[in-house]
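**Q** Next up, upload29.txt (compact mmCIF, C-alpha atoms).
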# COMPACT_ATOMS: atom_id res chain seq x y z
CA MET A 1358 -29.04 -9.15 -4.74
CA LEU A 1359 -26.53 -6.42 -3.99
CA LEU A 1360 -23.54 -7.13 -1.86
CA ALA A 1361 -21.66 -3.97 -1.01
CA TYR A 1362 -18.12 -4.39 0.25
CA ALA A 1363 -16.30 -1.26 1.19
CA PRO A 1364 -12.67 -1.40 2.29
CA ALA A 1365 -11.51 0.98 4.98
CA HIS A 1366 -9.69 3.91 3.48
CA ALA A 1367 -7.83 5.03 6.54
CA CYS A 1368 -4.73 3.40 7.92
CA ASP A 1369 -3.28 4.61 11.19
CA VAL A 1370 -0.27 2.34 10.83
CA CYS A 1371 0.94 2.84 7.29
CA GLY A 1372 4.16 4.65 6.53
CA ALA A 1373 6.47 6.44 8.90
CA SER A 1374 6.62 10.07 9.80
CA GLY A 1375 9.91 9.57 11.61
CA SER A 1376 12.09 11.54 9.29
CA SER A 1377 14.43 13.87 11.08
CA GLN A 1378 16.73 16.41 9.54
CA GLY A 1379 20.36 15.51 10.19
CA LEU A 1380 23.30 17.66 9.17
CA GLY A 1381 25.82 14.87 8.63
CA ILE A 1382 29.35 15.58 7.45
CA LEU A 1383 29.50 19.26 6.60
CA PRO A 1384 32.06 20.84 4.33
CA GLN A 1385 33.67 23.75 6.18
CA PHE A 1386 35.91 25.21 3.50
CA TYR A 1387 33.41 27.90 2.49
CA LYS A 1388 31.27 30.02 4.77
CA HIS A 1389 28.03 29.74 2.84
CA PHE A 1390 26.37 27.28 0.54
CA VAL A 1391 23.05 26.57 -1.12
CA GLY A 1392 22.01 23.12 -2.22
CA ILE A 1393 19.30 20.94 -3.58
CA GLN A 1394 18.78 17.47 -2.27
CA TYR A 1395 16.61 14.54 -3.28
CA GLN A 1396 15.65 11.99 -0.62
CA TYR A 1397 13.86 8.73 -1.21
CA ARG A 1398 12.45 6.41 1.45
CA SER A 1399 10.17 3.43 1.16
CA PHE A 1400 8.20 1.31 3.61
CA VAL A 1401 6.04 -1.78 3.51
CA SER A 1402 3.06 -1.64 5.86
CA GLU A 1403 0.59 -4.18 7.10
CA HIS A 1404 -2.44 -3.24 9.15
CA PRO A 1405 -4.28 -5.88 11.17
CA GLY A 1406 -7.78 -6.59 9.85
CA LEU A 1407 -10.34 -4.40 11.56
CA PHE A 1408 -12.67 -7.33 12.17
CA GLU A 1409 -11.76 -10.99 12.31
CA ASN A 1410 -13.46 -11.66 8.96
CA LEU A 1411 -11.41 -9.01 7.18
CA PRO A 1412 -8.00 -9.52 5.61
CA LYS A 1413 -4.92 -7.56 6.65
CA GLU A 1414 -4.43 -4.33 4.73
CA ARG A 1415 -1.09 -4.26 2.95
CA SER A 1416 0.52 -1.28 1.27
CA THR A 1417 3.82 0.19 0.17
CA GLU A 1418 4.64 3.80 0.89
CA TYR A 1419 7.11 5.84 -1.17
CA TYR A 1420 8.35 9.15 0.14
CA ASN A 1421 10.10 11.49 -2.30
CA THR A 1422 11.48 14.75 -1.00
CA LEU A 1423 13.11 17.46 -3.07
CA GLN A 1424 14.66 19.92 -0.70
CA LEU A 1425 16.30 23.30 -1.00
CA TRP A 1426 18.74 23.91 1.79
CA GLY A 1427 21.60 26.13 2.63
CA LYS A 1428 24.03 27.43 5.20
CA ALA A 1429 25.07 30.94 6.07
CA ASN A 1430 27.71 31.87 8.61
CA ILE A 1431 26.76 34.73 10.89
CA GLY A 1432 30.03 36.03 12.27
CA SER A 1433 32.61 33.42 13.19
CA HIS A 1434 30.61 31.42 15.72
CA VAL A 1435 27.09 30.93 14.36
CA GLN A 1436 25.95 28.94 11.36
CA LEU A 1437 22.36 29.21 10.13
CA PHE A 1438 20.79 26.34 8.21
CA GLY A 1439 17.51 26.47 6.34
CA PHE A 1440 15.50 23.63 4.77
CA LEU A 1441 12.51 23.90 2.46
CA PRO A 1442 11.18 20.53 1.29
CA TYR A 1443 8.71 19.60 -1.41
CA GLN A 1444 7.08 16.19 -0.91
CA TYR A 1445 5.68 13.70 -3.36
CA ASN A 1446 4.43 10.70 -1.41
CA ASN A 1447 2.59 7.66 -2.71
CA ARG A 1448 0.76 4.86 -0.99
CA VAL A 1449 0.21 1.84 -3.19
CA THR A 1450 -2.33 -0.82 -2.23
CA ASP A 1451 -3.96 -3.69 -4.10
CA THR A 1452 -6.87 -1.40 -4.94
CA GLY A 1453 -5.08 1.76 -6.00
CA THR A 1454 -2.57 4.51 -5.37
CA GLY A 1455 -2.97 7.54 -3.16
CA THR A 1456 -0.72 10.53 -3.79
CA TYR A 1457 0.10 13.29 -1.36
CA LYS A 1458 2.19 16.11 -2.79
CA GLY A 1459 3.07 19.66 -1.94
CA LEU A 1460 5.27 21.86 0.13
CA GLY A 1461 6.58 20.20 3.29
CA ASP A 1462 7.42 21.75 6.63
CA ALA A 1463 10.29 24.24 6.51
CA SER A 1464 12.99 24.22 9.19
CA LEU A 1465 15.52 26.70 10.44
CA LEU A 1466 18.51 25.76 12.58
CA ALA A 1467 21.02 28.00 14.32
CA MET A 1468 24.21 26.21 15.30
CA ALA A 1469 26.92 27.69 17.51
CA THR A 1470 30.53 26.65 17.07
CA ILE A 1471 31.51 25.27 20.46
CA ILE A 1472 34.89 23.81 19.47
CA HIS A 1473 36.84 24.57 16.33
CA THR A 1474 40.50 23.60 16.23
CA ALA A 1475 42.56 26.07 14.29
CA ASP A 1476 43.59 24.78 10.91
CA THR A 1477 47.36 24.80 11.42
CA SER A 1478 50.01 22.20 10.90
CA ALA A 1479 50.59 22.10 14.65
CA ASN A 1480 47.20 20.47 15.18
CA ARG A 1481 47.28 16.89 13.94
CA MET A 1482 43.76 16.22 15.22
CA LYS A 1483 41.14 18.75 14.26
CA HIS A 1484 37.78 18.99 15.97
CA ILE A 1485 34.69 20.91 15.24
CA LEU A 1486 31.63 20.77 17.47
CA LEU A 1487 28.43 22.57 16.56
CA ALA A 1488 25.44 22.68 18.87
CA GLY A 1489 22.19 24.53 18.64
CA GLY A 1490 18.55 24.37 17.93
CA GLY A 1491 15.81 25.41 15.65
CA ILE A 1492 12.23 25.35 14.68
CA LYS A 1493 10.09 23.47 12.19
CA VAL A 1494 7.29 25.59 10.77
CA PRO A 1495 3.97 24.06 9.59
CA THR A 1496 4.25 25.26 6.00
CA GLY A 1497 3.30 21.85 4.62
CA ARG A 1498 -0.12 20.84 3.43
CA ARG A 1499 -2.18 18.60 5.64
CA THR A 1500 -5.83 17.69 5.71
CA THR A 1501 -7.50 16.97 9.01
CA GLY A 1502 -7.15 14.85 12.13
CA ALA A 1503 -7.06 11.15 12.88
CA ASN A 1504 -10.87 10.86 12.88
CA SER A 1505 -11.09 12.17 9.31
CA GLY A 1506 -10.30 8.90 7.60
CA GLU A 1507 -7.07 10.36 6.23
CA MET A 1508 -3.68 8.80 6.85
CA MET A 1509 -1.54 10.85 9.16
CA ASN A 1510 1.90 9.54 8.33
CA ILE A 1511 2.05 10.26 4.63
CA GLN A 1512 0.80 13.82 4.52
CA THR A 1513 3.26 16.45 3.37
CA GLY A 1514 2.92 18.60 6.46
CA SER A 1515 2.50 17.92 10.17
CA GLY A 1516 0.46 21.01 11.01
CA SER A 1517 2.54 21.54 14.13
CA TRP A 1518 5.31 23.84 15.27
CA ASP A 1519 8.19 21.64 16.36
CA PHE A 1520 11.42 22.48 18.14
CA ILE A 1521 14.76 20.92 17.37
CA LEU A 1522 17.93 20.39 19.42
CA SER A 1523 20.96 19.45 17.37
CA ALA A 1524 24.65 18.66 17.80
CA ASN A 1525 27.26 17.80 15.22
CA TYR A 1526 30.84 16.74 15.96
CA THR A 1527 33.60 16.04 13.46
CA LEU A 1528 37.09 14.78 14.22
CA ARG A 1529 39.74 14.78 11.49
CA GLY A 1530 43.22 13.31 11.68
CA GLY A 1531 45.22 13.37 8.48
CA ASN A 1532 42.95 12.22 5.68
CA ALA A 1533 40.54 10.30 7.87
CA GLY A 1534 37.92 11.25 10.35
CA PHE A 1535 34.55 10.56 11.82
CA ASN A 1536 31.37 12.48 12.37
CA ALA A 1537 28.69 12.13 15.02
CA ASP A 1538 25.35 13.84 14.56
CA ALA A 1539 22.39 13.96 16.92
CA SER A 1540 19.09 15.75 16.82
CA TYR A 1541 15.97 15.64 18.95
CA THR A 1542 12.66 17.04 17.76
CA PHE A 1543 10.12 18.10 20.34
CA THR A 1544 6.76 18.00 18.61
CA THR A 1545 3.68 19.96 19.59
CA VAL A 1546 0.01 19.25 19.09
CA ASN A 1547 -1.54 20.56 15.87
CA ALA A 1548 -4.92 22.21 15.29
CA ALA A 1549 -6.58 18.83 14.69
CA ASN A 1550 -5.45 17.71 18.17
CA TYR A 1551 -3.05 15.21 16.59
CA LYS A 1552 0.47 15.04 17.98
CA TYR A 1553 3.28 13.28 16.20
CA GLY A 1554 5.76 11.57 18.50
CA ASP A 1555 9.01 13.26 19.47
CA ARG A 1556 11.92 12.02 17.37
CA LEU A 1557 15.57 11.31 18.06
CA SER A 1558 18.13 10.76 15.32
CA LEU A 1559 21.70 9.65 15.83
CA SER A 1560 24.34 8.96 13.23
CA LEU A 1561 28.00 7.94 13.25
CA ASN A 1562 30.05 8.04 10.07
CA GLY A 1563 33.67 7.36 9.26
CA PHE A 1564 35.22 9.01 6.21
CA TYR A 1565 38.44 9.33 4.26
CA TRP A 1566 39.35 12.00 1.77
CA TRP A 1567 41.71 12.40 -1.13
CA LYS A 1568 42.53 15.57 -2.96
CA VAL A 1569 43.71 15.33 -6.53
CA ASN A 1570 44.28 18.71 -8.15
CA ASN A 1571 41.03 20.59 -7.47
CA VAL A 1572 38.89 17.53 -6.82
CA VAL A 1573 38.16 16.24 -3.33
CA LEU A 1574 36.70 12.76 -3.03
CA GLN A 1575 35.33 11.68 0.32
CA PRO A 1576 33.74 8.24 0.70
CA GLN A 1577 31.96 7.57 3.97
CA MET A 1578 30.24 4.77 5.81
CA GLY A 1579 28.35 4.57 9.06
CA ILE A 1580 25.17 3.89 10.95
CA ARG A 1581 22.07 5.92 11.57
CA ALA A 1582 19.37 5.33 14.16
CA ASP A 1583 15.97 7.04 14.20
CA TYR A 1584 13.70 6.67 17.18
CA ALA A 1585 10.18 8.07 17.37
CA LEU A 1586 7.70 8.10 20.22
CA HIS A 1587 4.09 7.09 19.61
CA ASP A 1588 1.72 9.62 18.05
CA TYR A 1589 -1.40 10.82 19.82
CA ASP A 1590 -4.61 10.51 17.77
CA ASN A 1591 -6.19 12.96 20.19
CA TYR A 1592 -3.75 14.70 22.50
CA SER A 1593 -6.37 16.24 24.81
CA ARG A 1594 -7.84 12.81 25.49
CA LYS A 1595 -4.39 11.17 25.55
CA TRP A 1596 -5.37 8.65 22.88
CA LEU A 1597 -1.98 7.16 22.23
CA ASN A 1598 -1.63 5.31 18.95
CA TYR A 1599 0.55 2.30 19.73
CA ASN A 1600 0.77 1.46 16.05
CA THR A 1601 3.07 4.43 15.44
CA GLY A 1602 6.63 5.20 16.52
CA GLY A 1603 9.53 2.85 17.05
CA TYR A 1604 13.11 2.62 15.89
CA LEU A 1605 14.85 2.25 12.54
CA THR A 1606 18.56 1.58 12.33
CA TYR A 1607 20.33 1.85 9.00
CA ILE A 1608 23.78 1.10 7.67
CA THR A 1609 24.73 3.92 5.34
CA ALA A 1610 27.34 4.29 2.64
CA GLY A 1611 27.96 7.30 0.50
CA ALA A 1612 30.41 9.72 -1.01
CA GLN A 1613 30.97 13.42 -1.36
CA VAL A 1614 32.84 14.97 -4.27
CA TYR A 1615 33.92 18.60 -4.42
CA TYR A 1616 35.32 20.54 -7.32
CA LYS A 1617 36.05 24.21 -6.82
CA ARG A 1618 32.70 25.68 -5.69
CA LEU A 1619 30.60 22.66 -6.58
CA GLY A 1620 29.74 19.69 -4.44
CA LEU A 1621 27.97 16.38 -5.01
CA GLN A 1622 26.67 14.24 -2.16
CA CYS A 1623 25.06 10.82 -2.36
CA SER A 1624 24.25 8.08 0.10
CA TYR A 1625 22.39 4.81 0.28
CA ALA A 1626 21.02 3.20 3.43
CA ILE A 1627 19.53 -0.16 4.21
CA PRO A 1628 17.84 -0.99 7.50
CA VAL A 1629 19.54 -3.53 9.71
CA PHE A 1630 17.45 -3.44 12.89
CA GLN A 1631 13.99 -2.00 13.14
CA HIS A 1632 10.78 -2.18 15.07
CA TYR A 1633 8.37 0.43 13.83
CA ALA A 1634 4.62 0.79 14.36
CA SER A 1635 4.54 -2.29 16.60
CA GLY A 1636 6.21 -4.20 13.79
CA TYR A 1637 3.53 -3.41 11.21
CA VAL A 1638 5.78 -1.08 9.21
CA GLU A 1639 9.06 -2.16 7.67
CA ALA A 1640 11.55 0.26 6.15
CA THR A 1641 13.08 -1.06 2.96
CA GLN A 1642 15.65 1.47 1.74
CA LYS A 1643 16.66 5.08 1.75
CA MET A 1644 18.81 7.14 -0.57
CA GLU A 1645 19.89 10.72 -0.98
CA LEU A 1646 21.45 12.70 -3.79
CA GLY A 1647 22.37 16.35 -3.51
CA PHE A 1648 24.22 19.19 -5.15
CA LEU A 1649 25.86 22.10 -3.36
CA TYR A 1650 27.11 25.43 -4.54
CA PHE A 1651 29.52 27.27 -2.27
CA LEU A 1652 29.30 31.04 -2.07
CA MET B 1226 26.96 -6.52 14.13
CA LYS B 1227 26.22 -7.89 17.61
CA LEU B 1228 27.59 -4.73 19.22
CA LEU B 1229 25.51 -2.58 16.90
CA LYS B 1230 22.36 -4.50 17.77
CA GLN B 1231 23.07 -4.27 21.49
CA LEU B 1232 23.71 -0.55 21.17
CA THR B 1233 20.44 -0.05 19.32
CA VAL B 1234 18.46 -1.98 21.91
CA ILE B 1235 20.12 -0.13 24.80
CA ILE B 1236 19.45 3.28 23.24
CA ALA B 1237 15.87 2.40 22.36
CA GLY B 1238 15.27 0.97 25.83
CA ALA B 1239 16.76 3.98 27.57
CA ILE B 1240 14.71 6.38 25.54
CA ALA B 1241 11.54 4.38 26.01
CA PHE B 1242 12.16 4.32 29.77
CA ALA B 1243 12.90 8.04 29.86
CA SER B 1244 9.90 8.98 27.82
CA CYS B 1245 6.93 7.08 29.22
CA GLN B 1246 4.00 8.61 27.44
CA LYS B 1247 0.76 9.52 29.14
CA HIS B 1248 -2.16 7.63 27.75
CA ASP B 1249 -5.88 7.12 28.25
CA ASP B 1250 -6.06 3.92 30.28
CA THR B 1251 -9.84 3.51 30.24
CA PRO B 1252 -10.46 -0.27 30.26
CA ALA B 1253 -12.46 -1.65 27.36
CA GLN B 1254 -16.16 -1.80 28.33
CA ALA B 1255 -18.39 -3.22 25.64
CA ASP B 1256 -21.54 -2.19 27.51
CA LYS B 1257 -20.54 1.47 27.20
CA VAL B 1258 -20.85 1.40 23.43
CA VAL B 1259 -24.08 3.17 22.50
CA ILE B 1260 -25.44 2.44 19.04
CA THR B 1261 -28.46 4.41 17.93
CA ILE B 1262 -30.16 3.52 14.66
CA THR B 1263 -32.30 6.50 13.83
CA SER B 1264 -33.78 5.52 10.47
CA LEU B 1265 -35.16 2.04 11.22
CA GLN B 1266 -37.32 0.29 13.74
CA ASP B 1267 -37.35 -3.34 14.81
CA GLY B 1268 -39.82 -5.28 12.65
CA GLN B 1269 -40.08 -2.59 9.97
CA ALA B 1270 -41.27 -4.05 6.65
CA PHE B 1271 -39.91 -3.44 3.18
CA LYS B 1272 -40.95 -4.48 -0.32
CA LYS B 1273 -38.84 -5.33 -3.33
CA GLY B 1274 -37.43 -2.07 -4.72
CA ASP B 1275 -37.56 -0.20 -1.42
CA THR B 1276 -34.41 1.45 -0.10
CA VAL B 1277 -33.37 0.38 3.37
CA LYS B 1278 -31.69 3.43 4.90
CA MET B 1279 -29.29 2.48 7.67
CA GLN B 1280 -28.44 5.67 9.54
CA GLY B 1281 -27.42 6.45 13.08
CA LEU B 1282 -24.71 7.24 15.57
CA ILE B 1283 -22.19 5.20 17.52
CA SER B 1284 -20.63 6.63 20.65
CA TYR B 1285 -18.29 5.35 23.34
CA ILE B 1286 -16.52 6.66 26.45
CA SER B 1287 -13.12 6.49 24.75
CA GLN B 1288 -11.64 5.96 21.30
CA LEU B 1289 -13.32 3.62 18.85
CA HIS B 1290 -11.27 1.90 16.15
CA GLY B 1291 -13.95 1.12 13.62
CA TYR B 1292 -17.40 -0.18 12.90
CA GLU B 1293 -19.20 -2.49 10.51
CA VAL B 1294 -22.71 -2.56 9.13
CA LYS B 1295 -23.98 -5.98 8.13
CA LEU B 1296 -27.35 -7.00 6.68
CA THR B 1297 -28.01 -10.72 6.39
CA SER B 1298 -30.84 -12.92 5.25
CA LYS B 1299 -32.25 -14.98 8.12
CA LYS B 1300 -33.51 -17.62 5.72
CA THR B 1301 -30.28 -18.23 3.82
CA SER B 1302 -27.73 -16.64 6.20
CA LYS B 1303 -26.32 -14.84 3.15
CA GLU B 1304 -24.72 -11.45 3.59
CA LEU B 1305 -26.79 -8.93 1.61
CA PHE B 1306 -24.85 -5.82 2.50
CA TYR B 1307 -21.54 -5.18 4.22
CA TYR B 1308 -19.64 -2.00 4.99
CA TYR B 1309 -16.83 -1.24 7.39
CA GLU B 1310 -14.87 1.83 8.26
CA HIS B 1311 -11.78 2.58 10.25
CA THR B 1312 -12.21 5.45 12.68
CA HIS B 1313 -10.39 7.17 15.53
CA SER B 1314 -13.09 8.97 17.38
CA ASP B 1315 -15.50 8.50 20.27
CA LYS B 1316 -18.48 9.46 18.10
CA VAL B 1317 -19.10 8.30 14.59
CA SER B 1318 -22.18 8.62 12.42
CA PHE B 1319 -23.07 6.15 9.70
CA SER B 1320 -25.35 6.35 6.69
CA GLN B 1321 -25.66 3.47 4.25
CA ASN B 1322 -28.37 2.35 1.82
CA TRP B 1323 -29.41 -1.02 0.48
CA VAL B 1324 -32.07 -1.58 -2.14
CA ASP B 1325 -34.29 -4.58 -1.42
CA THR B 1326 -33.95 -7.03 -4.32
CA LEU B 1327 -35.36 -10.12 -2.65
CA SER B 1328 -38.09 -11.99 -4.54
CA THR B 1329 -39.24 -14.16 -1.62
CA ALA B 1330 -40.33 -13.21 1.88
CA ASP B 1331 -37.49 -13.11 4.36
CA SER B 1332 -36.34 -11.64 7.64
CA LEU B 1333 -33.37 -9.32 7.45
CA VAL B 1334 -30.94 -9.07 10.34
CA LEU B 1335 -29.16 -5.73 10.59
CA THR B 1336 -26.09 -5.86 12.83
CA LEU B 1337 -24.07 -2.81 13.79
CA THR B 1338 -20.75 -3.65 15.45
CA ALA B 1339 -18.31 -1.12 16.88
CA GLU B 1340 -14.74 -2.17 17.54
CA ILE B 1341 -13.22 -0.71 20.70
CA ASP B 1342 -9.70 -2.03 20.12
CA HIS B 1343 -7.74 -4.56 18.12
CA ASP B 1344 -8.05 -7.14 20.93
CA GLY B 1345 -11.56 -8.19 20.02
CA ASN B 1346 -13.51 -5.90 22.37
CA LYS B 1347 -16.64 -4.65 20.66
CA GLY B 1348 -20.20 -3.56 21.17
CA ALA B 1349 -23.09 -4.49 18.88
CA LYS B 1350 -26.77 -3.84 18.19
CA GLN B 1351 -29.20 -5.83 16.07
CA LEU B 1352 -32.53 -5.08 14.41
CA VAL B 1353 -34.72 -7.58 12.57
CA LEU B 1354 -36.53 -6.24 9.51
CA THR B 1355 -38.89 -8.00 7.15
CA SER B 1356 -38.88 -8.17 3.38
CA GLN B 1357 -42.18 -8.94 1.60
CA PRO B 1358 -41.97 -8.98 -2.19
Write out the structure in this file as structure tokens.

**A**
Amino acid sequence: MLLAYAPAHACDVCGASGSSQGLGILPQFYKHFVGIQYQYRSFVSEHPGLFENLPKERSTEYYNTLQLWGKANIGSHVQLFGFLPYQYNNRVTDTGTGTYKGLGDASLLAMATIIHTADTSANRMKHILLAGGGIKVPTGRRTTGANSGEMMNIQTGSGSWDFILSANYTLRGGNAGFNADASYTFTTVNAANYKYGDRLSLSLNGFYWWKVNNVVLQPQMGIRADYALHDYDNYSRKWLNYNTGGYLTYITAGAQVYYKRLGLQCSYAIPVFQHYASGYVEATQKMELGFLYFL
Amino acid sequence: MKLLKQLTVIIAGAIAFASCQKHDDTPAQADKVVITITSLQDGQAFKKGDTVKMQGLISYISQLHGYEVKLTSKKTSKELFYYYEHTHSDKVSFSQNWVDTLSTADSLVLTLTAEIDHDGNKGAKQLVLTSQP
């Protein structure tokens, strides 16, 4: 007697695509920089059993991103930012590991300097406000649509052209300051008729800096909130996937160190409030480590 | 912490309110699930060693979430074959095989079930086959 038991290989819930590109606290003492950044995020997912006789599907998703990025000032009022990520994502279940790796979606942002207090001793409080927008290009690898049996939220590319609005404000007084960063990503439908939900990211960080000889040390702490709308499995038919989207709120702590033309940035974040994918996905931690070289 | 939580809920609520998403609101209708088994007929007989080919198409007026193929022995109620698949389409084809290994005569109940949503709405079709060693 042969009893065949085949587990479902697709999971519309697992993982989270809600990763938005924030600028955070930006060093302004050089006009241009290039950098490399490593980002790590992990999630625990649980999908309800498809039929009442089937167990829940549990998995852990690990997202690893190695990203080249940089800034170039165009004149005195425009700053261009570019991001080129490489993704190495794993989904681990009781029955095995699925790996998705390759180039991610590249982004380009153009930010205009709206406010920039002159750096003179007469100004005790110094502000800088950048606002602008950009585009995310579907350079990343992706397979097919939601009906393919593939997972949508762990693929390295979205397959869609997305548009980004961004604002970044920094206030400095003496050695302390705070930074507020906001970005909204308007997603579009991809060729497989799948549409990832629009995403909003907000962050607030306080920081303090010391300068000893040529070394600047800047610890920082704050909060970050990511909110994503539901994805559409089929945008033409308006098949909304309620098991996607939601909010993730993190407490973040990190530090930046600068020495001459070199910079080191690191941060660690743990979620404090979250409700993602109707509660089926739980973020566990997030960390970033990056190096900058100022030109 | 309390302030942070309130702020998060307010922001999330405001955004959710501002961004009501259009969605297909077709109510679940189990009788609209159409299951066509193309490779088998009710009462079809098989002998030990034969391959039972279970092939066909499931369609629905809106999105399906998955389907299962189940073959059970009428005599013992034992599950002889089981397969399920997650899907996100309004049309899904299936093709599964089972080799008859039974050594005594039995009736085989083939049940195809399509899940419309995660709330228990589903459509099903059954065929009864016979196994004669």

**Q** Could you please determine the separation between CA of Ala1548 in chain A and CA of Trp1518 in chain A in Å, to one decimal place?

**A** 10.4 Å

**Q** Using all atoms listed in the file, which residue out of A:Leu1460, A:Gln1575, A:Ile1627, A:Phe1651 lies closest to Tyr1397 in chain A?

**A**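 The shortest atom-to-atom distance to Tyr1397 in chain A comes from A:Ile1627.
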
**Q** Residues around (-44.4, -11.0, -0.3), cut-off 12 Å, counting only C-alpha atoms - what are they as a list of chain:residue names?

**A**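 Output of the proximity query reads B:Ala1270, B:Phe1271, B:Lys1272, B:Lys1273, B:Thr1326, B:Leu1327, B:Ser1328, B:Thr1329, B:Ala1330, B:Asp1331, B:Ser1332, B:Thr1355, B:Ser1356, B:Gln1357, B:Pro1358.
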
**Q** List every protein, DNA or RNA residue that has at least one atom no more than 8 Å from (13.2, 21.8, 0.3) in the file's coordinates, counting all atoms listed in the file, and write the result as a ChimeraX atom specification.

**A** /A:1393-1394,1422-1426,1440-1443,1460-1461,1463

**Q** Taking all atoms listed in the file into account and nothing else, which residues of chain B lie no more than 6 Å away from chain A? Please answer as a list in words.

**A**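 Using all atoms listed in the file, chain B residues at most 6 Å from chain A: His1248, Asp1249, Leu1305, Phe1306, Tyr1307, Tyr1308, Glu1310, His1311, Thr1312, His1313, Ser1314 and Thr1326 of chain B.
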
**Q** So what do you get for CA of Leu1265 in chain B versus CA of Asn1346 in chain B, distance-wise?

**A**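 Rounded to one decimal, the two atoms are 25.6 Å apart.
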
**Q** Just to confirm, what's the straight-line distance from CA of Gly1455 in chain A to CA of Glu1418 in chain A in Å (one decimal)?

**A**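 Between CA of Gly1455 in chain A and CA of Glu1418 in chain A the gap works out to 9.4 Å.
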
**Q** Using all atoms listed in the file, find each residue of range 1374-1485 of chain A with at least one atom at most 7 Å away from an atom of range 1536-1543 of chain A; report its shortest atom-to-atom pair and that distance in Å (one decimal), sort the rows by chain and rising residue number, and return the result as a tab-separated table.

**A**
residue	atom	partner	partner_atom	distance
A:Gly1379	CA	A:Ser1540	CA	6.8
A:Leu1380	CA	A:Asp1538	CA	6.9
A:Gly1381	CA	A:Asp1538	CA	6.0
A:Ile1382	CA	A:Asn1536	CA	6.2

**Q** Please list as a PyMOL selection string every residue within 6 Å of Val1401 in chain A, counting all atoms listed in the file and excluding residues in the same chain fewer than 5 positions away.

**A** chain A and resi 1416-1417+1638-1639

**Q** Residues within 6 Å of Glu1293 in chain B, please, as a list in words. Count only C-alpha atoms; anything in the same chain fewer than 5 positions from it doesn't count.

**A**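 So the residues in contact are Tyr1308, Tyr1309, Leu1337 and Thr1338 of chain B.
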
**Q** Using only C-alpha atoms, pick whichever of B:Gln1269, B:Ser1264, B:Gln1288, B:Thr1251 has the shortest atom-to-atom distance to Ala1339 in chain B.

**A**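 Closest candidate: B:Gln1288.
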
**Q** Quick one: residues within 12 Å of Leu1282 in chain B, all atoms listed in the file counted, chain neighbours fewer than 6 positions away excluded, as a VMD selection string?

**A** chain B and resid 1258 to 1264 1292 1294 1314 to 1321 1337 to 1339 1350

**Q** So which residues touch Ile1431 in chain A within 10 Å, counting only C-alpha atoms, skipping near sequence neighbours fewer than 2 positions away, as a PyMOL selection string?

**A** chain A and resi 1388-1389+1428-1429+1433-1437+1467-1469

**Q** Would you mind exporting C-alpha atoms of the selected residues as a PDB file, in the coordinates of the input?

**A**
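File written: out36.pdb
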ATOM      1  CA  LYS A1388      31.270  30.020   4.770  1.00  0.00           C
ATOM      2  CA  HIS A1389      28.030  29.740   2.840  1.00  0.00           C
ATOM      3  CA  LYS A1428      24.030  27.430   5.200  1.00  0.00           C
ATOM      4  CA  ALA A1429      25.070  30.940   6.070  1.00  0.00           C
ATOM      5  CA  SER A1433      32.610  33.420  13.190  1.00  0.00           C
ATOM      6  CA  HIS A1434      30.610  31.420  15.720  1.00  0.00           C
ATOM      7  CA  VAL A1435      27.090  30.930  14.360  1.00  0.00           C
ATOM      8  CA  GLN A1436      25.950  28.940  11.360  1.00  0.00           C
ATOM      9  CA  LEU A1437      22.360  29.210  10.130  1.00  0.00           C
ATOM     10  CA  ALA A1467      21.020  28.000  14.320  1.00  0.00           C
ATOM     11  CA  MET A1468      24.210  26.210  15.300  1.00  0.00           C
ATOM     12  CA  ALA A1469      26.920  27.690  17.510  1.00  0.00           C
TER      13      ALA A1469
END

**Q** Residues within 8 Å of Leu1487 in chain A, please, as a VMD selection string. Count only C-alpha atoms; anything in the same chain fewer than 5 positions from it doesn't count.

**A** chain A and resid 1468 to 1472 1524 to 1526

**Q** Starting from the incomplete input, reconstruct N, CA, C and O atoms of range 1287-1292 of chain B and report them as an mmCIF file, in the coordinates of the input.

**A**
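Writing done, so here's out-v9.cif:
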data_model
loop_
_atom_site.group_PDB
_atom_site.id
_atom_site.type_symbol
_atom_site.label_atom_id
_atom_site.label_comp_id
_atom_site.auth_asym_id
_atom_site.auth_seq_id
_atom_site.Cartn_x
_atom_site.Cartn_y
_atom_site.Cartn_z
ATOM 1 N N SER B 1287 -14.504 6.239 25.170
ATOM 2 C CA SER B 1287 -13.120 6.490 24.750
ATOM 3 C C SER B 1287 -13.041 6.304 23.236
ATOM 4 O O SER B 1287 -14.057 6.345 22.546
ATOM 5 N N GLN B 1288 -11.839 6.037 22.751
ATOM 6 C CA GLN B 1288 -11.640 5.960 21.300
ATOM 7 C C GLN B 1288 -12.162 4.655 20.716
ATOM 8 O O GLN B 1288 -11.891 3.581 21.237
ATOM 9 N N LEU B 1289 -12.903 4.787 19.625
ATOM 10 C CA LEU B 1289 -13.320 3.620 18.850
ATOM 11 C C LEU B 1289 -12.319 3.403 17.712
ATOM 12 O O LEU B 1289 -11.675 4.351 17.261
ATOM 13 N N HIS B 1290 -12.212 2.169 17.254
ATOM 14 C CA HIS B 1290 -11.270 1.900 16.150
ATOM 15 C C HIS B 1290 -11.968 1.650 14.822
ATOM 16 O O HIS B 1290 -11.328 1.711 13.783
ATOM 17 N N GLY B 1291 -13.242 1.341 14.877
ATOM 18 C CA GLY B 1291 -13.950 1.120 13.620
ATOM 19 C C GLY B 1291 -15.323 0.547 13.864
ATOM 20 O O GLY B 1291 -15.712 0.269 15.007
ATOM 21 N N TYR B 1292 -16.072 0.413 12.785
ATOM 22 C CA TYR B 1292 -17.400 -0.180 12.900
ATOM 23 C C TYR B 1292 -17.738 -0.902 11.617
ATOM 24 O O TYR B 1292 -17.127 -0.669 10.569
#
